[in-house]
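Undergrad: Have a peek at coords_8.cif (mmCIF, C-alpha atoms and all ligand atoms).
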data_protein
loop_
_atom_site.label_atom_id
_atom_site.label_comp_id
_atom_site.auth_asym_id
_atom_site.auth_seq_id
_atom_site.Cartn_x
_atom_site.Cartn_y
_atom_site.Cartn_z
CA MET A 17 -71.00 173.97 -15.62
CA SER A 18 -70.65 172.01 -18.89
CA ASN A 19 -70.94 168.25 -19.02
CA SER A 20 -67.18 167.81 -19.45
CA ASP A 21 -66.48 170.10 -16.40
CA ARG A 22 -68.91 168.07 -14.37
CA ASP A 23 -67.22 164.83 -15.50
CA SER A 24 -63.73 166.04 -14.60
CA ALA A 25 -64.92 167.33 -11.20
CA HIS A 26 -66.44 163.91 -10.54
CA ALA A 27 -63.28 162.16 -11.73
CA SER A 28 -61.16 164.10 -9.20
CA ASP A 29 -63.48 162.90 -6.38
CA ILE A 30 -62.62 159.29 -7.08
CA SER A 31 -58.96 159.78 -8.08
CA TRP A 32 -56.29 157.52 -6.62
CA PRO A 33 -53.93 158.89 -3.93
CA LEU A 34 -51.07 159.25 -6.46
CA GLU A 35 -53.19 161.48 -8.74
CA ARG A 36 -54.38 163.46 -5.75
CA THR A 37 -50.79 164.22 -4.75
CA GLU A 38 -50.06 165.41 -8.29
CA ASN A 39 -53.21 167.52 -8.20
CA GLN A 40 -52.14 169.10 -4.96
CA GLN A 41 -48.60 169.69 -6.26
CA ASN A 42 -50.12 171.47 -9.23
CA GLY A 43 -52.19 173.62 -6.89
CA GLY A 44 -55.37 171.74 -7.84
CA PRO A 45 -58.32 171.18 -5.49
CA ARG A 46 -57.53 169.39 -2.21
CA THR A 47 -59.63 166.27 -1.79
CA SER A 48 -59.71 163.76 1.02
CA THR A 49 -61.29 160.32 1.33
CA PRO A 50 -63.02 159.37 4.57
CA ALA A 51 -61.15 156.74 6.61
CA LEU A 52 -62.43 153.17 6.17
CA PRO A 53 -64.46 151.97 9.14
CA SER A 54 -62.38 149.57 11.21
CA LEU A 55 -63.16 145.93 10.39
CA ASP A 56 -64.70 143.64 13.00
CA PRO A 57 -61.83 141.20 13.80
CA SER A 58 -64.22 138.25 13.59
CA PHE A 59 -64.24 138.74 9.79
CA THR A 60 -60.45 138.52 9.48
CA VAL A 61 -58.24 135.42 9.19
CA GLY A 62 -58.69 133.13 12.20
CA GLY A 63 -61.98 134.77 13.23
CA PRO A 64 -65.29 132.84 13.39
CA LYS A 65 -66.62 134.77 10.38
CA ALA A 66 -63.34 134.94 8.39
CA LEU A 67 -64.42 136.01 4.91
CA SER A 68 -61.44 134.31 3.23
CA SER A 69 -62.26 130.96 4.86
CA ILE A 70 -65.96 131.30 4.02
CA SER A 71 -65.24 131.99 0.35
CA SER A 72 -62.75 129.12 0.09
CA ARG A 73 -65.20 126.64 1.64
CA ALA A 74 -67.97 127.76 -0.72
CA PHE A 75 -65.53 127.39 -3.64
CA PHE A 76 -64.47 123.92 -2.47
CA LEU A 77 -68.11 122.76 -2.15
CA GLY A 78 -68.97 124.14 -5.61
CA VAL A 79 -65.98 122.37 -7.19
CA ALA A 80 -66.78 119.11 -5.34
CA PHE A 81 -70.40 119.30 -6.49
CA GLY A 82 -69.41 119.98 -10.13
CA ILE A 83 -66.72 117.29 -10.38
CA MET A 84 -68.77 114.64 -8.56
CA SER A 85 -71.86 115.33 -10.69
CA ILE A 86 -69.83 114.94 -13.91
CA ILE A 87 -68.23 111.69 -12.68
CA ALA A 88 -71.65 110.34 -11.57
CA VAL A 89 -73.22 111.08 -14.97
CA GLU A 90 -70.24 109.52 -16.81
CA LEU A 91 -70.32 106.35 -14.70
CA ALA A 92 -74.10 106.02 -15.06
CA TYR A 93 -73.66 106.40 -18.83
CA LEU A 94 -71.07 103.60 -18.80
CA GLY A 95 -73.63 101.43 -17.01
CA THR A 96 -71.69 100.90 -13.76
CA PRO A 97 -73.55 101.31 -10.46
CA PHE A 98 -70.46 103.02 -9.00
CA TRP A 99 -72.08 106.35 -10.02
CA ARG A 100 -73.93 106.29 -6.70
CA ALA A 101 -70.76 107.13 -4.72
CA PRO A 102 -70.01 110.47 -6.47
CA CYS A 103 -73.75 111.20 -6.46
CA PHE A 104 -73.71 110.79 -2.64
CA ILE A 105 -70.78 113.23 -2.35
CA ALA A 106 -72.62 115.70 -4.62
CA THR A 107 -75.70 115.60 -2.34
CA LEU A 108 -73.44 116.18 0.67
CA SER A 109 -71.89 119.23 -1.08
CA ILE A 110 -75.33 120.72 -1.75
CA PHE A 111 -76.39 120.11 1.84
CA HIS A 112 -73.36 121.84 3.39
CA PHE A 113 -73.50 124.74 0.95
CA LEU A 114 -77.21 125.32 1.67
CA GLU A 115 -76.64 125.26 5.44
CA PHE A 116 -74.40 128.31 5.13
CA TYR A 117 -76.25 130.02 2.27
CA THR A 118 -79.67 129.83 3.94
CA THR A 119 -78.27 131.11 7.24
CA ALA A 120 -76.47 133.98 5.46
CA ARG A 121 -79.60 134.90 3.49
CA TYR A 122 -82.28 134.59 6.18
CA ASN A 123 -80.39 134.98 9.45
CA PRO A 124 -77.26 136.95 8.48
CA ALA A 125 -76.30 137.97 12.02
CA ASP A 126 -75.72 134.28 12.85
CA ALA A 127 -73.83 133.33 9.67
CA LYS A 128 -70.33 132.12 10.44
CA LEU A 129 -67.81 129.55 9.30
CA SER A 130 -69.42 126.86 11.46
CA SER A 131 -72.77 127.43 9.68
CA PHE A 132 -71.43 125.16 6.88
CA LEU A 133 -71.62 122.35 9.49
CA LEU A 134 -68.42 120.97 7.94
CA SER A 135 -66.32 120.55 11.05
CA SER A 136 -68.77 121.34 13.86
CA ASN A 137 -70.78 118.10 13.52
CA GLY A 138 -68.32 116.00 15.47
CA SER A 139 -66.42 112.85 14.54
CA ALA A 140 -69.56 110.63 14.58
CA TYR A 141 -70.88 112.53 11.55
CA ASN A 142 -67.65 112.05 9.59
CA ILE A 143 -67.40 108.39 10.60
CA ALA A 144 -71.02 107.81 9.46
CA HIS A 145 -70.42 109.18 5.94
CA THR A 146 -67.06 107.43 5.58
CA SER A 147 -68.66 104.12 6.67
CA ALA A 148 -71.43 104.63 4.10
CA LEU A 149 -68.85 104.99 1.31
CA ILE A 150 -66.85 101.99 2.60
CA GLU A 151 -69.94 99.75 2.76
CA PHE A 152 -71.01 100.78 -0.73
CA SER A 153 -67.55 100.38 -2.31
CA THR A 154 -66.85 97.04 -0.64
CA ARG A 155 -70.16 95.58 -1.72
CA GLN A 156 -69.82 96.87 -5.26
CA TRP A 157 -66.29 95.54 -5.52
CA LEU A 158 -67.35 92.10 -4.32
CA LEU A 159 -70.36 92.06 -6.65
CA SER A 160 -68.36 93.15 -9.69
CA ASN A 161 -65.74 90.50 -8.96
CA ARG A 162 -68.49 87.88 -8.81
CA ARG A 163 -69.54 88.92 -12.29
CA LEU A 164 -65.94 88.76 -13.55
CA PRO A 165 -64.85 85.21 -12.68
CA TRP A 166 -61.42 85.66 -14.34
CA LEU A 167 -60.56 88.06 -11.49
CA LYS A 168 -58.85 85.96 -8.85
CA MET A 169 -60.64 86.40 -5.53
CA PRO A 170 -58.41 86.36 -2.44
CA PHE A 171 -61.21 84.62 -0.49
CA GLN A 172 -64.51 82.81 -0.95
CA LEU A 173 -67.39 85.20 -1.73
CA PRO A 174 -70.13 85.07 0.88
CA THR A 175 -73.27 83.62 -0.69
CA PHE A 176 -75.55 85.89 1.39
CA LEU A 177 -74.14 89.02 -0.28
CA PRO A 178 -77.21 91.12 -1.15
CA ALA A 179 -77.65 92.06 -4.79
CA LEU A 180 -78.17 95.69 -5.79
CA PRO A 181 -81.64 96.92 -4.83
CA PRO A 182 -84.26 97.26 -7.59
CA GLU A 183 -84.86 100.46 -9.59
CA TRP A 184 -87.86 101.63 -7.55
CA TYR A 185 -85.57 101.67 -4.51
CA LEU A 186 -83.40 104.22 -6.30
CA VAL A 187 -86.42 106.45 -7.00
CA LEU A 188 -87.37 106.23 -3.32
CA GLY A 189 -83.80 107.26 -2.35
CA PHE A 190 -83.87 110.31 -4.64
CA MET A 191 -87.30 111.30 -3.34
CA LEU A 192 -86.23 111.07 0.32
CA VAL A 193 -83.09 113.13 -0.35
CA ALA A 194 -85.01 115.79 -2.31
CA VAL A 195 -87.94 116.04 0.15
CA GLY A 196 -85.59 115.99 3.17
CA GLN A 197 -83.36 118.73 1.76
CA GLY A 198 -86.35 120.80 0.63
CA VAL A 199 -88.12 120.63 4.00
CA ARG A 200 -84.94 121.46 5.94
CA THR A 201 -84.18 124.49 3.78
CA ALA A 202 -87.84 125.64 3.92
CA ALA A 203 -87.67 125.44 7.75
CA MET A 204 -84.54 127.61 7.87
CA VAL A 205 -86.15 130.16 5.55
CA GLU A 206 -89.41 130.26 7.53
CA ALA A 207 -87.80 130.49 10.99
CA GLY A 208 -85.26 133.14 9.90
CA LYS A 209 -83.74 134.79 12.97
CA SER A 210 -85.39 132.24 15.28
CA PHE A 211 -83.40 129.40 13.69
CA ASN A 212 -80.09 128.62 15.30
CA HIS A 213 -77.75 125.66 14.75
CA ILE A 214 -77.14 125.67 18.50
CA VAL A 215 -80.16 125.03 20.74
CA GLN A 216 -80.76 128.25 22.67
CA SER A 217 -81.10 128.05 26.43
CA ARG A 218 -81.85 131.78 26.80
CA LYS A 219 -84.53 133.62 24.85
CA ARG A 220 -83.19 136.40 22.66
CA ASP A 221 -85.34 139.50 22.13
CA ASP A 222 -85.85 138.70 18.44
CA HIS A 223 -86.72 135.02 19.06
CA VAL A 224 -90.40 134.52 18.19
CA LEU A 225 -92.48 131.34 18.09
CA ILE A 226 -92.82 130.18 14.47
CA LYS A 227 -96.09 128.41 13.64
CA SER A 228 -96.44 129.41 10.00
CA GLY A 229 -95.35 127.89 6.68
CA ILE A 230 -93.79 124.45 7.01
CA TYR A 231 -94.02 124.81 10.84
CA ARG A 232 -97.81 124.67 10.45
CA ILE A 233 -97.48 121.07 9.20
CA LEU A 234 -94.40 119.88 11.14
CA ARG A 235 -93.19 120.80 14.61
CA HIS A 236 -89.49 120.21 13.88
CA PRO A 237 -89.21 120.43 10.09
CA SER A 238 -85.42 120.84 9.96
CA TYR A 239 -84.96 117.66 12.03
CA PHE A 240 -87.61 115.85 9.98
CA GLY A 241 -85.72 116.97 6.85
CA PHE A 242 -82.30 115.85 8.06
CA PHE A 243 -83.62 112.49 9.35
CA TRP A 244 -85.25 111.51 6.04
CA TRP A 245 -82.44 113.06 3.96
CA GLY A 246 -79.90 110.92 5.86
CA LEU A 247 -81.89 107.72 5.33
CA GLY A 248 -82.44 108.69 1.68
CA THR A 249 -78.68 108.84 1.08
CA GLN A 250 -78.36 105.24 2.32
CA VAL A 251 -81.28 104.06 0.18
CA LEU A 252 -79.61 105.77 -2.79
CA LEU A 253 -76.35 103.94 -2.09
CA GLY A 254 -78.24 100.68 -1.54
CA ASN A 255 -76.52 100.26 1.85
CA HIS A 256 -78.06 97.75 4.24
CA ILE A 257 -75.85 98.01 7.34
CA CYS A 258 -75.51 101.80 7.24
CA PHE A 259 -79.24 102.26 6.60
CA TRP A 260 -80.08 100.64 9.94
CA ALA A 261 -77.12 102.27 11.71
CA TYR A 262 -78.18 105.72 10.41
CA THR A 263 -81.79 105.03 11.48
CA ALA A 264 -80.75 104.12 15.04
CA ILE A 265 -78.20 106.93 15.48
CA LEU A 266 -80.33 109.70 13.93
CA TRP A 267 -83.44 108.59 15.80
CA LYS A 268 -81.65 108.57 19.17
CA PHE A 269 -80.01 111.94 18.44
CA PHE A 270 -83.24 113.72 17.44
CA ALA A 271 -85.39 112.11 20.16
CA SER A 272 -83.06 113.44 22.84
CA ARG A 273 -82.52 116.82 21.14
CA ILE A 274 -86.24 117.45 20.68
CA MET A 275 -86.91 116.67 24.34
CA LYS A 276 -84.19 119.11 25.46
CA GLU A 277 -85.20 121.81 22.95
CA GLU A 278 -88.88 121.65 23.88
CA LYS A 279 -88.12 122.20 27.58
CA PHE A 280 -86.58 125.55 26.62
CA LEU A 281 -89.36 126.38 24.16
CA VAL A 282 -92.00 125.84 26.87
CA LYS A 283 -89.95 128.12 29.16
CA PHE A 284 -89.74 130.80 26.40
CA PHE A 285 -93.31 130.69 25.04
CA GLY A 286 -95.40 128.96 27.78
CA GLN A 287 -98.95 127.81 26.88
CA ASP A 288 -98.53 129.05 23.33
CA TYR A 289 -95.89 126.36 22.71
CA VAL A 290 -97.75 123.68 24.69
CA GLN A 291 -100.85 124.15 22.49
CA TYR A 292 -98.75 124.23 19.32
CA ARG A 293 -97.00 121.00 20.39
CA GLU A 294 -100.38 119.32 21.00
CA ARG A 295 -101.64 119.86 17.48
CA THR A 296 -98.45 119.59 15.36
CA PRO A 297 -96.69 116.27 14.63
CA VAL A 298 -92.96 115.59 14.17
CA LEU A 299 -93.34 112.74 11.63
CA ILE A 300 -90.21 110.95 12.74
CA PRO A 301 -91.39 107.43 13.79
CA PHE A 302 -92.16 107.01 17.48
CA ILE A 303 -91.43 110.63 18.40
CA ARG A 304 -94.55 112.29 19.71
C1 LIG B 1 -81.56 123.87 14.83
S1 LIG B 1 -82.95 124.89 15.15
C2 LIG B 1 -84.22 123.67 14.86
C3 LIG B 1 -85.58 124.22 14.83
C4 LIG B 1 -86.68 123.16 14.83
N1 LIG B 1 -86.47 122.21 15.88
C5 LIG B 1 -86.75 122.47 13.50
O1 LIG B 1 -86.45 121.27 13.45
O2 LIG B 1 -87.08 123.11 12.49
C6 LIG B 1 -82.93 125.03 16.90
C7 LIG B 1 -83.47 126.33 17.44
O3 LIG B 1 -84.77 126.56 16.95
C8 LIG B 1 -85.59 127.05 18.00
N2 LIG B 1 -86.96 126.62 17.69
C9 LIG B 1 -87.42 125.37 17.53
N3 LIG B 1 -88.72 125.35 17.18
C10 LIG B 1 -89.10 126.64 17.12
C11 LIG B 1 -90.30 127.30 16.79
N4 LIG B 1 -91.39 126.63 16.44
N5 LIG B 1 -90.31 128.65 16.81
C12 LIG B 1 -89.22 129.34 17.14
N6 LIG B 1 -88.05 128.80 17.46
C13 LIG B 1 -87.97 127.47 17.44
C14 LIG B 1 -85.06 126.46 19.26
O4 LIG B 1 -85.25 127.32 20.37
C15 LIG B 1 -83.57 126.31 18.95
O5 LIG B 1 -82.80 127.35 19.47
#
Translate this structure into structure tokens?

TA:
Amino acid sequence: MSNSDRDSAHASDISWPLERTENQQNGGPRTSTPALPSLDPSFTVGGPKALSSISSRAFFLGVAFGIMSIIAVELAYLGTPFWRAPCFIATLSIFHFLEFYTTARYNPADAKLSSFLLSSNGSAYNIAHTSALIEFSTRQWLLSNRRLPWLKMPFQLPTFLPALPPEWYLVLGFMLVAVGQGVRTAAMVEAGKSFNHIVQSRKRDDHVLIKSGIYRILRHPSYFGFFWWGLGTQVLLGNHICFWAYTAILWKFFASRIMKEEKFLVKFFGQDYVQYRERTPVLIPFIR
């Protein structure tokens, strides 16, 4: 068989249905394509793994990250501290994208729409981030009005209004956000199939005790990461009220979650977990 014969034989294998019909009408070779395997309904519209919804959320987060980063850089260039607000939204976009991406890459069987943690975090989560933006914007607006006396203020400015935090505070904020995000992602990578956004009350066959990588240093690295990331965002914004509110709410949430989670881990892994717990810290203040 010459090269051109081989090419035309191959071409007929992948021909479209219309061409195949013409082939058959002309008495050409009969070809048939195997039927497509039926699609798991969870991947279709409305399902928990709907591919269209997953792609649109990833697109939305990418666009939000891009636009917010450009605005933040522009505002910083213009010398206004308002750049911190779009920077905060950009860090949120990265966080939510990485929650899904890391699950899809290292624990694909568990990857679903809710892995973005966009709507499954409850109203407290949304209220917290909205409050952070409100506190920041209000304070910045009041401060900028104080610097522009020709702007008529509708009320007397409070004299206790805190000024913007110093530069080193900003560096600390960036470091907390970067370290927190890095540690959380590293934990999800290391734990792989054993990582689940929902605390498991029954041991799955593929659930193994992870004591390696970042888990060698920290007992709950993904919680450690989220705790310090959350506080870092408030340091970055220079928020005073939300910083303490985030500290209290996150601390209470993780203290109770760790206690509940460890009861199950002791049930799953027995002495192995008890010994691991003894020698590995959490590094969230006052959680042993
Ligand atoms: C959201 S993940 C958080 C994991 C861990 N607490 C952390 O902060 O990195 C929750 C799931 O991880 C599992 N898990 C927690 N620590 C684990 C470990 N060292 N090895 C294996 N599974 C673990 C729990 O059983 C639970 O189902």

Undergrad: Of the residues A:Gly63, A:Pro124, A:Gly189, A:Gly138, which is the one nearest to A:Leu252, using all atoms listed in the file?

TA: A:Gly189

Undergrad: Can I get the residues close to ligand LIG 1 (chain B) as a PDB file with C-alpha atoms, in the frame of the given file, where close means within 8 Å and we count all atoms listed in the file?

TA:
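Writing done, so here's selection_22.pdb:
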ATOM      1  CA  ARG A 200     -84.940 121.460   5.940  1.00  0.00           C
ATOM      2  CA  ALA A 203     -87.670 125.440   7.750  1.00  0.00           C
ATOM      3  CA  MET A 204     -84.540 127.610   7.870  1.00  0.00           C
ATOM      4  CA  ALA A 207     -87.800 130.490  10.990  1.00  0.00           C
ATOM      5  CA  SER A 210     -85.390 132.240  15.280  1.00  0.00           C
ATOM      6  CA  PHE A 211     -83.400 129.400  13.690  1.00  0.00           C
ATOM      7  CA  ASN A 212     -80.090 128.620  15.300  1.00  0.00           C
ATOM      8  CA  HIS A 213     -77.750 125.660  14.750  1.00  0.00           C
ATOM      9  CA  ILE A 214     -77.140 125.670  18.500  1.00  0.00           C
ATOM     10  CA  VAL A 215     -80.160 125.030  20.740  1.00  0.00           C
ATOM     11  CA  GLN A 216     -80.760 128.250  22.670  1.00  0.00           C
ATOM     12  CA  SER A 217     -81.100 128.050  26.430  1.00  0.00           C
ATOM     13  CA  LYS A 219     -84.530 133.620  24.850  1.00  0.00           C
ATOM     14  CA  HIS A 223     -86.720 135.020  19.060  1.00  0.00           C
ATOM     15  CA  VAL A 224     -90.400 134.520  18.190  1.00  0.00           C
ATOM     16  CA  LEU A 225     -92.480 131.340  18.090  1.00  0.00           C
ATOM     17  CA  ILE A 226     -92.820 130.180  14.470  1.00  0.00           C
ATOM     18  CA  LYS A 227     -96.090 128.410  13.640  1.00  0.00           C
ATOM     19  CA  TYR A 231     -94.020 124.810  10.840  1.00  0.00           C
ATOM     20  CA  ARG A 235     -93.190 120.800  14.610  1.00  0.00           C
ATOM     21  CA  HIS A 236     -89.490 120.210  13.880  1.00  0.00           C
ATOM     22  CA  PRO A 237     -89.210 120.430  10.090  1.00  0.00           C
ATOM     23  CA  SER A 238     -85.420 120.840   9.960  1.00  0.00           C
ATOM     24  CA  TYR A 239     -84.960 117.660  12.030  1.00  0.00           C
ATOM     25  CA  PHE A 240     -87.610 115.850   9.980  1.00  0.00           C
ATOM     26  CA  GLY A 241     -85.720 116.970   6.850  1.00  0.00           C
ATOM     27  CA  ILE A 274     -86.240 117.450  20.680  1.00  0.00           C
ATOM     28  CA  GLU A 277     -85.200 121.810  22.950  1.00  0.00           C
ATOM     29  CA  GLU A 278     -88.880 121.650  23.880  1.00  0.00           C
ATOM     30  CA  PHE A 280     -86.580 125.550  26.620  1.00  0.00           C
ATOM     31  CA  LEU A 281     -89.360 126.380  24.160  1.00  0.00           C
ATOM     32  CA  TYR A 289     -95.890 126.360  22.710  1.00  0.00           C
TER      33      TYR A 289
END

Undergrad: Could you work out how far atom CA of A:Ser71 lies from atom CA of A:Pro50, giving the answer in Å with one decimal?

TA: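 We find that atom CA of A:Pro50 and atom CA of A:Ser71 lie 27.8 Å from each other.
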
Undergrad: Put a box with edges along x, y and z around all the listed atoms of stretch 250-258 of chain A, pad it by 8 Å on each side, then give me its centre and sizes in Å, one decimal, as AutoDock Vina command-line options.

TA:
--center_x -78.4 --center_y 101.8 --center_z 2.3 --size_x 21.8 --size_y 24.0 --size_z 26.1

Undergrad: Find the residue from A:Gln197, A:Ser72, A:Ile303, A:Asn123 that sits nearest to A:Arg273; use all atoms listed in the file when measuring.

TA: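 So, comparing all the options, the nearest one is A:Ile303.
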
Undergrad: Take atom CA of A:Leu91 and atom CA of A:Gly246 and report the distance between them in Å, one decimal.

TA: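 Here the two named atoms are 23.1 Å from each other.
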
Undergrad: Which is closest to A:Asp222 among A:Val195, A:Pro64, A:Phe284, A:Thr201, if we use only C-alpha atoms?

TA: A:Phe284

Undergrad: In Å, how far is it from atom CA of A:Ala101 to atom CA of A:Leu133?

TA: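 Taking atom CA of A:Ala101 as the start and atom CA of A:Leu133 as the end point, the length is 20.8 Å.
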